[in-house]
Structures are given as structure tokens and as C-alpha cells.
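File shown: start.cif (mmCIF, C-alpha atoms).
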```
data_start
loop_
_atom_site.label_atom_id
_atom_site.label_comp_id
_atom_site.auth_asym_id
_atom_site.auth_seq_id
_atom_site.Cartn_x
_atom_site.Cartn_y
_atom_site.Cartn_z
CA MET H 1 142.09 127.21 -215.05
CA GLN H 2 140.90 127.08 -218.61
CA ALA H 3 138.21 124.64 -219.68
CA LYS H 4 139.89 122.36 -222.19
CA THR H 5 138.04 120.31 -224.75
CA VAL H 6 137.69 116.88 -223.25
CA THR H 7 134.89 114.50 -224.16
CA VAL H 8 132.29 113.53 -221.57
CA PRO H 9 133.31 109.82 -221.57
CA THR H 10 136.92 110.85 -220.85
CA LEU H 11 135.79 113.21 -218.09
CA LYS H 12 133.79 110.41 -216.50
CA ARG H 13 136.79 108.05 -216.50
CA LEU H 14 139.25 110.52 -214.93
CA PRO H 15 137.86 110.28 -211.36
CA ILE H 16 138.19 106.49 -211.57
CA TYR H 17 141.87 106.80 -212.52
CA LEU H 18 142.31 109.31 -209.72
CA THR H 19 140.80 107.02 -207.08
CA TYR H 20 143.13 104.23 -208.07
CA LEU H 21 146.19 106.49 -208.21
CA LYS H 22 145.44 107.63 -204.65
CA HIS H 23 145.24 104.01 -203.63
CA LEU H 24 148.71 103.46 -205.15
CA GLN H 25 149.99 106.56 -203.36
CA GLU H 26 148.77 105.22 -200.02
CA GLN H 27 150.68 102.04 -200.76
CA GLY H 28 153.83 104.09 -201.31
CA ARG H 29 154.11 103.59 -205.06
CA GLU H 30 155.84 106.40 -206.92
CA VAL H 31 155.46 105.39 -210.56
CA VAL H 32 152.81 103.46 -212.46
CA SER H 33 152.77 102.11 -216.01
CA THR H 34 149.85 102.33 -218.40
CA THR H 35 149.97 98.53 -218.62
CA HIS H 36 149.40 98.24 -214.89
CA LEU H 37 146.55 100.78 -214.95
CA SER H 38 145.04 98.97 -217.92
CA ARG H 39 145.04 95.62 -216.14
CA VAL H 40 143.56 96.86 -212.87
CA LEU H 41 141.04 99.26 -214.36
CA LYS H 42 140.06 96.91 -217.19
CA GLN H 43 140.50 99.68 -219.69
CA ASP H 44 142.26 99.64 -223.03
CA PRO H 45 145.82 101.07 -222.51
CA THR H 46 145.52 103.28 -225.59
CA GLN H 47 142.33 104.74 -224.14
CA ILE H 48 144.05 105.48 -220.83
CA ARG H 49 146.94 107.19 -222.64
CA LYS H 50 144.48 109.22 -224.72
CA ASP H 51 142.42 110.21 -221.69
CA LEU H 52 145.48 111.40 -219.77
CA ALA H 53 146.92 113.14 -222.86
CA ALA H 54 143.62 115.05 -223.21
CA THR H 55 144.35 116.62 -219.82
CA GLY H 56 147.89 117.49 -220.94
CA LEU H 57 149.66 114.54 -219.31
CA VAL H 58 152.18 112.37 -221.12
CA GLY H 59 153.95 109.47 -219.42
CA LYS H 60 157.66 108.72 -219.73
CA PRO H 61 158.37 105.93 -222.22
CA LYS H 62 159.17 102.61 -220.48
CA VAL H 63 158.54 104.21 -217.08
CA GLY H 64 154.99 105.47 -216.97
CA PHE H 65 153.41 108.16 -214.84
CA ASP H 66 154.64 109.74 -211.63
CA VAL H 67 151.85 108.90 -209.18
CA SER H 68 151.90 112.07 -207.05
CA LYS H 69 152.27 114.45 -209.98
CA THR H 70 149.49 112.72 -211.88
CA ILE H 71 147.17 112.97 -208.87
CA GLU H 72 147.94 116.66 -208.45
CA HIS H 73 147.47 117.27 -212.17
CA LEU H 74 144.13 115.42 -212.38
CA GLU H 75 142.79 117.09 -209.23
CA ASN H 76 143.59 120.47 -210.72
CA PHE H 77 142.16 119.50 -214.07
CA LEU H 78 138.91 118.29 -212.49
CA GLY H 79 138.72 121.45 -210.40
CA TYR H 80 138.75 119.67 -207.03
CA HIS H 81 140.68 122.59 -205.53
CA ASN H 82 138.15 125.11 -206.85
CA THR H 83 134.98 125.21 -204.81
CA ASN H 84 131.64 125.43 -206.59
CA ASP H 85 128.75 126.80 -204.57
CA ALA H 86 125.47 124.98 -205.05
CA PHE H 87 121.86 124.93 -203.85
CA LEU H 88 120.18 121.61 -203.12
CA VAL H 89 116.42 121.38 -203.59
CA GLY H 90 114.50 118.61 -201.83
CA VAL H 91 115.66 117.50 -198.38
CA GLY H 92 114.46 113.87 -198.45
CA ASN H 93 116.59 110.79 -197.90
CA LEU H 94 118.65 111.28 -201.03
CA GLY H 95 119.00 115.04 -200.53
CA ARG H 96 120.25 114.55 -196.97
CA ALA H 97 122.76 111.94 -198.10
CA ILE H 98 124.21 114.33 -200.65
CA MET H 99 124.32 117.14 -198.07
CA GLY H 100 126.42 114.95 -195.78
CA TYR H 101 128.49 113.18 -198.42
CA LEU H 102 132.14 113.91 -197.63
CA PRO H 103 133.57 112.79 -201.01
CA PHE H 104 131.67 115.68 -202.63
CA VAL H 105 133.10 118.18 -200.14
CA GLU H 106 136.61 116.86 -200.89
CA LYS H 107 135.94 117.32 -204.60
CA GLY H 108 135.02 120.97 -204.22
CA LEU H 109 131.22 120.83 -204.09
CA ASN H 110 130.00 123.35 -201.54
CA ILE H 111 126.27 123.16 -200.84
CA VAL H 112 125.56 126.57 -199.29
CA ALA H 113 121.83 126.12 -198.71
CA ALA H 114 119.09 123.51 -199.08
CA PHE H 115 115.41 124.10 -199.81
CA ASP H 116 112.25 122.23 -198.89
CA ASN H 117 108.56 122.93 -198.32
CA ASN H 118 108.31 120.89 -195.12
CA PRO H 119 107.77 123.36 -192.22
CA GLU H 120 109.41 120.93 -189.80
CA LEU H 121 112.68 121.15 -191.73
CA ILE H 122 112.75 124.86 -192.53
CA GLY H 123 115.09 126.76 -190.24
CA LYS H 124 117.01 123.64 -189.27
CA GLU H 125 120.55 122.73 -190.23
CA ILE H 126 121.53 119.39 -191.74
CA ALA H 127 125.23 118.53 -192.02
CA GLY H 128 125.85 122.19 -191.24
CA ILE H 129 123.73 123.38 -194.17
CA PRO H 130 120.68 125.59 -193.48
CA VAL H 131 117.30 124.42 -194.83
CA LEU H 132 115.18 127.26 -196.22
CA THR H 133 111.71 127.51 -197.71
CA VAL H 134 111.50 126.93 -201.47
CA GLU H 135 109.85 130.36 -201.74
CA LYS H 136 113.26 131.92 -201.22
CA LEU H 137 114.97 129.81 -203.88
CA THR H 138 114.78 132.13 -206.90
CA ASP H 139 115.66 135.37 -205.12
CA LEU H 140 118.49 133.89 -203.14
CA ALA H 141 120.00 132.20 -206.21
CA LYS H 142 120.03 135.58 -207.95
CA ARG H 143 121.45 137.40 -204.95
CA MET H 144 124.17 134.82 -204.29
CA LYS H 145 124.87 134.28 -208.02
CA ILE H 146 124.48 130.52 -207.63
CA LYS H 147 125.10 128.64 -210.88
CA LEU H 148 124.56 125.02 -209.79
CA GLY H 149 121.38 123.41 -208.45
CA ILE H 150 120.97 119.81 -207.26
CA LEU H 151 117.44 118.46 -207.65
CA THR H 152 116.29 115.67 -205.30
CA VAL H 153 112.52 116.31 -205.08
CA PRO H 154 109.51 114.09 -205.84
CA GLU H 155 108.67 113.95 -209.57
CA SER H 156 105.41 115.88 -209.13
CA VAL H 157 107.22 119.12 -208.25
CA ALA H 158 110.43 118.62 -210.28
CA GLN H 159 109.50 120.90 -213.19
CA ASP H 160 108.17 123.73 -210.98
CA LEU H 161 111.35 123.79 -208.93
CA THR H 162 113.46 123.57 -212.08
CA ASP H 163 111.65 126.68 -213.35
CA ALA H 164 112.37 128.43 -210.04
CA MET H 165 116.08 127.56 -210.32
CA VAL H 166 116.32 128.70 -213.93
CA GLU H 167 114.54 131.97 -213.05
CA GLY H 168 117.16 132.48 -210.34
CA GLY H 169 119.97 132.22 -212.90
CA ILE H 170 121.06 128.65 -212.21
CA GLN H 171 122.77 127.30 -215.33
CA VAL H 172 123.67 123.74 -214.43
CA ILE H 173 121.18 121.34 -212.83
CA TRP H 174 122.15 117.95 -211.41
CA ASN H 175 118.90 116.03 -211.69
CA PHE H 176 118.33 112.93 -209.56
CA VAL H 177 114.57 112.83 -210.33
CA PRO H 178 113.60 110.11 -212.85
CA THR H 179 112.09 112.59 -215.28
CA ARG H 180 113.20 114.80 -218.15
CA LEU H 181 113.34 118.50 -217.29
CA MET H 182 112.31 121.26 -219.68
CA VAL H 183 114.95 123.99 -219.60
CA PRO H 184 116.16 126.73 -221.96
CA ASP H 185 119.00 125.78 -224.32
CA SER H 186 121.46 127.76 -222.21
CA VAL H 187 120.90 125.51 -219.19
CA TYR H 188 122.72 122.16 -218.88
CA VAL H 189 121.13 119.21 -217.09
CA GLU H 190 123.24 116.30 -215.83
CA TYR H 191 121.02 113.28 -215.26
CA THR H 192 121.77 110.74 -212.52
CA GLN H 193 118.85 108.38 -212.74
CA LEU H 194 119.04 105.68 -210.13
CA SER H 195 115.80 104.10 -211.39
CA SER H 196 117.45 103.50 -214.75
CA HIS H 197 120.36 101.70 -213.10
CA LEU H 198 117.88 99.67 -211.05
CA ALA H 199 116.03 98.69 -214.25
CA VAL H 200 119.25 97.24 -215.69
CA ILE H 201 119.99 95.42 -212.44
CA LYS H 202 116.53 93.87 -212.23
CA LYS H 203 116.81 92.54 -215.79
CA LYS H 204 120.20 91.02 -215.00
CA LEU H 205 118.72 89.30 -211.94
CA GLN H 206 115.88 87.90 -214.05
CA SER H 207 118.36 86.38 -216.45
CA ILE H 208 120.38 84.56 -213.76
CA LYS H 209 117.41 83.13 -211.82
CA MET T 210 108.26 86.72 -216.50
CA GLN T 211 110.83 85.94 -219.15
CA ALA T 212 113.85 88.12 -219.65
CA LYS T 213 113.49 89.53 -223.15
CA THR T 214 116.34 90.91 -225.16
CA VAL T 215 116.25 94.63 -224.64
CA THR T 216 119.31 96.83 -224.95
CA VAL T 217 120.69 98.63 -221.91
CA PRO T 218 119.97 102.13 -223.34
CA THR T 219 116.34 101.10 -223.90
CA LEU T 220 116.11 99.66 -220.38
CA LYS T 221 117.46 102.92 -218.97
CA ARG T 222 114.85 104.99 -220.80
CA LEU T 223 111.83 102.91 -219.76
CA PRO T 224 111.67 104.20 -216.13
CA ILE T 225 111.67 107.76 -217.51
CA TYR T 226 108.68 106.98 -219.73
CA LEU T 227 107.00 105.31 -216.78
CA THR T 228 107.44 108.32 -214.49
CA TYR T 229 105.88 110.60 -217.07
CA LEU T 230 103.00 108.20 -217.80
CA LYS T 231 102.18 108.14 -214.08
CA HIS T 232 102.17 111.91 -214.10
CA LEU T 233 99.64 111.82 -216.99
CA GLN T 234 97.56 109.24 -215.11
CA GLU T 235 97.40 111.52 -212.07
CA GLN T 236 96.14 114.26 -214.36
CA GLY T 237 93.37 111.94 -215.55
CA ARG T 238 94.67 111.37 -219.07
CA GLU T 239 93.69 108.06 -220.61
CA VAL T 240 95.56 108.07 -223.90
CA VAL T 241 98.86 109.57 -225.02
CA SER T 242 100.41 109.88 -228.48
CA THR T 243 104.04 109.20 -229.32
CA THR T 244 104.23 112.78 -230.62
CA HIS T 245 103.26 114.11 -227.20
CA LEU T 246 105.74 111.83 -225.41
CA SER T 247 108.42 112.85 -227.88
CA ARG T 248 107.90 116.55 -227.25
CA VAL T 249 107.85 116.34 -223.45
CA LEU T 250 110.62 113.77 -223.07
CA LYS T 251 112.78 115.32 -225.79
CA GLN T 252 113.23 111.94 -227.39
CA ASP T 253 112.99 110.96 -231.03
CA PRO T 254 109.45 109.52 -231.62
CA THR T 255 110.85 106.58 -233.59
CA GLN T 256 113.08 105.77 -230.62
CA ILE T 257 110.12 105.85 -228.24
CA ARG T 258 108.11 103.53 -230.52
CA LYS T 259 111.08 101.18 -230.78
CA ASP T 260 111.70 101.18 -227.02
CA LEU T 261 108.06 100.37 -226.25
CA ALA T 262 107.90 97.79 -229.06
CA ALA T 263 110.93 96.04 -227.52
CA THR T 264 108.79 95.40 -224.43
CA GLY T 265 105.97 94.05 -226.60
CA LEU T 266 103.85 97.24 -226.69
CA VAL T 267 102.43 98.69 -229.89
CA GLY T 268 100.28 101.82 -229.92
CA LYS T 269 97.07 102.22 -231.90
CA PRO T 270 97.60 104.20 -235.13
CA LYS T 271 96.36 107.81 -234.84
CA VAL T 272 95.46 107.24 -231.18
CA GLY T 273 98.58 106.27 -229.30
CA PHE T 274 99.01 104.37 -226.07
CA ASP T 275 96.48 103.64 -223.33
CA VAL T 276 98.10 105.29 -220.29
CA SER T 277 96.99 102.83 -217.58
CA LYS T 278 97.68 99.73 -219.64
CA THR T 279 101.12 101.02 -220.64
CA ILE T 280 102.01 101.75 -217.01
CA GLU T 281 100.92 98.27 -215.95
CA HIS T 282 102.81 96.70 -218.84
CA LEU T 283 106.05 98.61 -218.17
CA GLU T 284 105.89 97.95 -214.42
CA ASN T 285 105.57 94.24 -215.13
CA PHE T 286 108.29 94.35 -217.74
CA LEU T 287 110.68 96.14 -215.37
CA GLY T 288 109.81 93.69 -212.61
CA TYR T 289 108.52 96.32 -210.18
CA HIS T 290 105.99 93.82 -208.83
CA ASN T 291 108.69 91.18 -208.29
CA THR T 292 110.74 91.82 -205.19
CA ASN T 293 114.51 91.32 -205.32
CA ASP T 294 116.23 90.75 -202.00
CA ALA T 295 119.54 92.55 -201.58
CA PHE T 296 122.33 93.15 -199.10
CA LEU T 297 123.76 96.63 -198.68
CA VAL T 298 127.40 96.94 -197.61
CA GLY T 299 128.59 100.22 -196.07
CA VAL T 300 126.20 102.15 -193.84
CA GLY T 301 127.52 105.68 -194.40
CA ASN T 302 125.54 108.66 -195.65
CA LEU T 303 124.90 107.21 -199.07
CA GLY T 304 124.16 103.71 -197.76
CA ARG T 305 121.61 105.07 -195.30
CA ALA T 306 119.93 107.13 -198.00
CA ILE T 307 119.52 104.05 -200.17
CA MET T 308 118.19 102.05 -197.20
CA GLY T 309 115.48 104.64 -196.65
CA TYR T 310 114.77 105.53 -200.28
CA LEU T 311 111.07 104.81 -200.87
CA PRO T 312 111.23 104.87 -204.70
CA PHE T 313 113.44 101.77 -204.55
CA VAL T 314 110.96 99.96 -202.28
CA GLU T 315 108.16 100.80 -204.71
CA LYS T 316 110.25 99.39 -207.55
CA GLY T 317 110.71 96.05 -205.84
CA LEU T 318 114.14 96.44 -204.24
CA ASN T 319 114.06 94.78 -200.82
CA ILE T 320 117.19 95.39 -198.74
CA VAL T 321 117.02 92.60 -196.17
CA ALA T 322 120.20 93.40 -194.27
CA ALA T 323 123.00 95.97 -194.20
CA PHE T 324 126.63 95.43 -193.17
CA ASP T 325 129.22 97.67 -191.61
CA ASN T 326 132.32 97.39 -189.42
CA ASN T 327 131.35 100.23 -187.07
CA PRO T 328 130.53 98.68 -183.65
CA GLU T 329 128.18 101.58 -182.89
CA LEU T 330 125.98 100.64 -185.85
CA ILE T 331 126.03 96.85 -185.55
CA GLY T 332 122.85 95.50 -183.99
CA LYS T 333 120.89 98.67 -184.77
CA GLU T 334 118.09 99.05 -187.32
CA ILE T 335 118.03 101.80 -189.93
CA ALA T 336 114.83 102.31 -191.91
CA GLY T 337 113.72 98.98 -190.48
CA ILE T 338 116.79 97.16 -191.84
CA PRO T 339 119.15 95.42 -189.40
CA VAL T 340 122.84 96.37 -189.51
CA LEU T 341 125.17 93.40 -189.09
CA THR T 342 128.93 92.95 -188.91
CA VAL T 343 130.69 92.50 -192.26
CA GLU T 344 132.11 89.24 -190.88
CA LYS T 345 128.69 87.67 -191.39
CA LEU T 346 128.34 88.87 -194.98
CA THR T 347 129.60 85.82 -196.90
CA ASP T 348 127.88 83.14 -194.82
CA LEU T 349 124.57 84.95 -194.66
CA ALA T 350 124.56 85.64 -198.40
CA LYS T 351 125.04 81.91 -199.01
CA ARG T 352 122.42 80.90 -196.49
CA MET T 353 119.81 83.40 -197.72
CA LYS T 354 120.73 82.85 -201.39
CA ILE T 355 121.17 86.59 -201.93
CA LYS T 356 122.03 87.46 -205.53
CA LEU T 357 122.28 91.28 -205.34
CA GLY T 358 124.72 93.39 -203.33
CA ILE T 359 124.83 97.17 -203.10
CA LEU T 360 128.28 98.58 -202.37
CA THR T 361 128.56 101.97 -200.63
CA VAL T 362 131.85 101.65 -198.73
CA PRO T 363 135.05 103.75 -198.77
CA GLU T 364 137.33 102.93 -201.71
CA SER T 365 140.01 101.38 -199.49
CA VAL T 366 137.81 98.41 -198.57
CA ALA T 367 135.76 98.13 -201.78
CA GLN T 368 137.65 95.20 -203.31
CA ASP T 369 137.78 93.17 -200.06
CA LEU T 370 134.05 93.48 -199.57
CA THR T 371 133.42 92.71 -203.22
CA ASP T 372 135.40 89.49 -202.74
CA ALA T 373 133.29 88.67 -199.67
CA MET T 374 130.08 89.20 -201.66
CA VAL T 375 131.28 87.10 -204.58
CA GLU T 376 132.33 84.33 -202.21
CA GLY T 377 128.81 84.42 -200.78
CA GLY T 378 127.32 83.79 -204.22
CA ILE T 379 126.24 87.33 -205.03
CA GLN T 380 126.04 87.67 -208.81
CA VAL T 381 125.06 91.29 -209.38
CA ILE T 382 126.81 94.19 -207.62
CA TRP T 383 125.54 97.76 -207.69
CA ASN T 384 128.74 99.72 -207.14
CA PHE T 385 128.60 103.31 -205.91
CA VAL T 386 132.33 103.43 -205.09
CA PRO T 387 134.40 105.40 -207.63
CA THR T 388 136.61 102.46 -208.47
CA ARG T 389 136.63 99.47 -210.81
CA LEU T 390 135.96 96.15 -209.11
CA MET T 391 137.68 92.92 -210.02
CA VAL T 392 135.10 90.16 -210.28
CA PRO T 393 134.79 86.81 -212.07
CA ASP T 394 133.22 86.91 -215.55
CA SER T 395 130.01 85.44 -214.16
CA VAL T 396 129.41 88.46 -211.90
CA TYR T 397 127.83 91.63 -213.31
CA VAL T 398 128.73 95.06 -211.88
CA GLU T 399 126.46 98.06 -212.46
CA TYR T 400 128.42 101.27 -211.88
CA THR T 401 126.77 104.41 -210.51
CA GLN T 402 129.66 106.78 -210.15
CA LEU T 403 128.59 110.08 -208.70
CA SER T 404 132.17 111.43 -208.91
CA SER T 405 132.05 110.99 -212.68
CA HIS T 406 128.85 113.01 -212.91
CA LEU T 407 130.40 115.65 -210.67
CA ALA T 408 133.43 115.83 -212.98
CA VAL T 409 131.17 116.64 -215.93
CA ILE T 410 129.28 119.23 -213.90
CA LYS T 411 132.43 120.99 -212.73
CA LYS T 412 133.71 121.25 -216.33
CA LYS T 413 130.38 122.74 -217.43
CA LEU T 414 130.60 125.31 -214.62
CA GLN T 415 134.13 126.25 -215.68
CA SER T 416 132.94 126.92 -219.22
CA ILE T 417 130.11 129.29 -218.17
CA LYS T 418 132.10 131.35 -215.68
#
```

Serialized structure, C-alpha cells:
Amino acid sequence: MQAKTVTVPTLKRLPIYLTYLKHLQEQGREVVSTTHLSRVLKQDPTQIRKDLAATGLVGKPKVGFDVSKTIEHLENFLGYHNTNDAFLVGVGNLGRAIMGYLPFVEKGLNIVAAFDNNPELIGKEIAGIPVLTVEKLTDLAKRMKIKLGILTVPESVAQDLTDAMVEGGIQVIWNFVPTRLMVPDSVYVEYTQLSSHLAVIKKKLQSIK
Amino acid sequence: MQAKTVTVPTLKRLPIYLTYLKHLQEQGREVVSTTHLSRVLKQDPTQIRKDLAATGLVGKPKVGFDVSKTIEHLENFLGYHNTNDAFLVGVGNLGRAIMGYLPFVEKGLNIVAAFDNNPELIGKEIAGIPVLTVEKLTDLAKRMKIKLGILTVPESVAQDLTDAMVEGGIQVIWNFVPTRLMVPDSVYVEYTQLSSHLAVIKKKLQSIK
């Protein structure tokens, strides 16, 4: 499949549409209108039409979208049927959760190995994924041509392990550590910063007390 | 502490500054310039000054910010020393990870109870937190005056359990389920949608292959 030019905000909304379409499918619905999607998803209908059009989908006037076909189309577009191999670095609570998180498996994320420096973990398997010493990270990434690394380590070692991933040829890093990573321009970092979400939540709670 | 008017993007950047300042503190640094922060955090220096000023912090000209004082100030501002009680609903892989995630404890998130419908989990403790039946959710939220709920359930039951939380008086929901939630205007939902991040990552991987 070719990578089409879709904006990041559109890309981030597509899985939300997909989840809801699957819900409709389970309920036996065959067709859905943009108006209905707009109401349930609290999203401007024009935006929904634009987002779907960006993936190559156009609804039938006065009818809407065929639920099953739209699901199939979006799953293909998002690459859920293509598996991406990944390394996960840092087998703490969050790392383990990601290793055992079925929705990621269903969406084509295949964690082939995890890395940690804790001798009690090395050699074990968690959720069927072997845990190896971080010393093997760079070489193994090169050898297995791994392009994606998931970073769930303490902040103090985040940059060192980022360097090890980059040296191993990893080009996309999913960073869960609440810190900026220094990487070459050719490497893309996707930030999921739970602490930032928590900061917003705590402010909201202050304002309602 | 009063809730000041700070934008959400600023709020989301503050924990990143804080993590780096703590790193500097561990290295024994006492003062840091905006220029230095700007270079390491890859953030416009004017933005950094504005973000810190929004919390009431102004650096000394030609010197910068006192590291320890800035850490203390930001931790207070973000409410890390004020504990917020929360319920967690959905004790799967992700729910468990959040229950045992030390960085949240350090930042003043106190999960007092978790809820699930799996009889094998009910009555057990995970990371010191009791797991109760979802049937008790609404009443217990009312009784304990819980304002924050964390949602980590399968999509099919997300709306029902949201309704149960709202009925119990919960006013802020941290939603990890890849779906929009329908809530009254008075309830705030913070979305952390890992599937959306994964969608972006998979597109990036397609473009480098």
C-alpha cells in the first residue's frame, strides 16, 4: 500500500471512526450517514467527510457509507493487516502492559523482543515476548532490520537507550518517557506523554473543587 | 492553590520541563538559562519563557532560572503535592499498568479502588488497590465523593461505565478507550488514545520502507 498524504490530525481521528463503525457492525447496521457519525462522535460532518475522502472514501449522497466496506477500507489504509515488527525497551509496568495489550496486536503491532537491564527479567518471556539484555539492542536491531522502537524506560536512561536504538537503525521511536529525545533529523519520534495528560486533568480537578 | 489560567498546550509542556530540571538537579546544576533549555528541549526560547511566566515564574536576566526553586514551583503549580483520589474502571493489561505506575503516584494520583466485572479479580488487590465489582461503582463514587475516573475497559462497555461514573458524580474522566464518550457538558473528558498514536506511527513506517 502506498503512503498517501494525510494530515496527522486526520490520521488520529480515523481509529476513532473505525472503533465506532465496528460497534455499528456488531449491532447489524449496514449503512451509516455522516450526520449520524457527526452526532455520536461530536465531530463536524464536513470534517468527517474530509477525513474519509483523504483516505479515498466517498459516501453515497443521501445514503452514507457502507459500514463493512468502510471498516475494511480504513483497516487497510491504517495498515492493520500489515504487521510492523518492533522492539520494546524498558520492561516496567507500562512496558509490560504494552507487551500484553491485545488491541495493538490486532492493529498489526508485533513486538518481537523486549529489552531491560534487570538480570531477573533477562531470559524470561512476558506475554510470549522474550526479554533480552539492553547490551544486545543495537546489534539485534541491525541484524533483524527493526525500524520501530517503543521506549518505556526511566527518564535517566532514556537518551542512552535512544542512542542505542538509533545506532541500530531504528527510524521511528514511540516515546512514553516524559522527556524530549535528541535524535537525527531522519528519525521520527512519536510522543505519548501521560504526565502531560495528567497535568491537564489535575488542573481541571482544581477548578471544580 | 488557585487554578490560574494556563492554556492546555502550556500545561502539557510543563511536565517535560520539570523532568529535565530534575535531571539537571541530579547532576548538581543550580542554575539554567532559557537558551540551554531551548537547545535541549527543542523548544522556542520565547515559548519557554512564556510557559514559565504563565505559572508566575520569571528568570533573572543573564542568569536564568534557579533549578531547585523552579522544580518546587512547578511541582506546586501542577499540584504534585496535592493528592487526587480516583477510581479506575477496567482491570485489563492497561488498567493494571496504570494501577502500578509509580510516576503517577509521585505526581499525586491516588487510585483508591478499581472496578471490573471479572469474578476472578473481584476481591483481590493489585498494586495494593482493591478490585471491586462494577455494580458498586456509582454508589461508592457518591459516598467517597470521587471526582476523577480512569477508563480502561473494552469499547463495547465504555459508554455504560461512563454513564455509571457520571451518575456517581465523577466530573473528570481520563479515557483510554479509542472511542468518543457522551457526557453532560459539566463533565470533562481527557482523551489518551494510543490507537491514534499507533496510526501515525504506522504511516511513518510505510513512508520509510

- Item | Picked residues, the PyMOL selection byres ((chain T) within 8 of (chain H)), as number ranges by chain | T: 211-212, 217, 220-226, 228-229, 232, 249-251, 287-288, 293, 302-303, 305-307, 309-310, 313, 356-357, 364-365, 381, 383, 387-391, 397, 399, 401, 403-406, 408-416

- Gap from CA of Leu137 in chain H to CA of Glu125 in chain H - Å, one decimal: 16.4 Å

- Task: Please identify all polymer residues within 6 Å of Ala295 in chain T, counting only C-alpha atoms, omitting same-chain residues fewer than 6 positions from it, and present them as a PyMOL selection string.
- Result: chain T and resi 319-321+357-358

- So what does the PyMOL selection byres ((chain T and resi 371) around 10) actually pick up in this one, as a PyMOL selection string? chain T and resi 298+358-360+366-370+372-377+379+382+384+390-392

- Record the distance separating CA of Leu121 in chain H and CA of Glu315 in chain T, expressed in Å with one decimal.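 Taking CA of Leu121 in chain H and CA of Glu315 in chain T, their separation equals 24.6 Å.
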
- Task: Skip Thr342 in chain T itself and residues of its chain fewer than 5 positions away, then list as a PyMOL selection string all residues within 10 Å of it, counting all atoms listed in the file.
- Result: chain T and resi 298+323-328+330-332

Hey, can I get the axis-aligned box for range 40-56 of chain H? All listed atoms, 6 Å padding on each side, centre and edge lengths in Å to one decimal, as JSON.
```
{"center_x": 144.0, "center_y": 107.2, "center_z": -219.2, "size_x": 19.8, "size_y": 32.6, "size_z": 24.7}
```

Shell around Ser33 in chain H at 8 Å using all atoms listed in the file, local window under 2 positions removed, as a compact mmCIF listing (two decimals) with C-alpha atoms, in the coordinates of the input:
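Written out: part-v4.txt:
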```
# COMPACT_ATOMS: atom_id res chain seq x y z
CA VAL H 31 155.46 105.39 -210.56
CA THR H 35 149.97 98.53 -218.62
CA HIS H 36 149.40 98.24 -214.89
CA LEU H 37 146.55 100.78 -214.95
CA LYS H 62 159.17 102.61 -220.48
CA VAL H 63 158.54 104.21 -217.08
CA GLY H 64 154.99 105.47 -216.97
CA PHE H 65 153.41 108.16 -214.84
```

- Task: For CA of Thr55 in chain H and CA of Leu74 in chain H, determine how far apart the two atoms are, in Å to one decimal place.
- Result: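 Those two atoms sit 7.5 Å apart.
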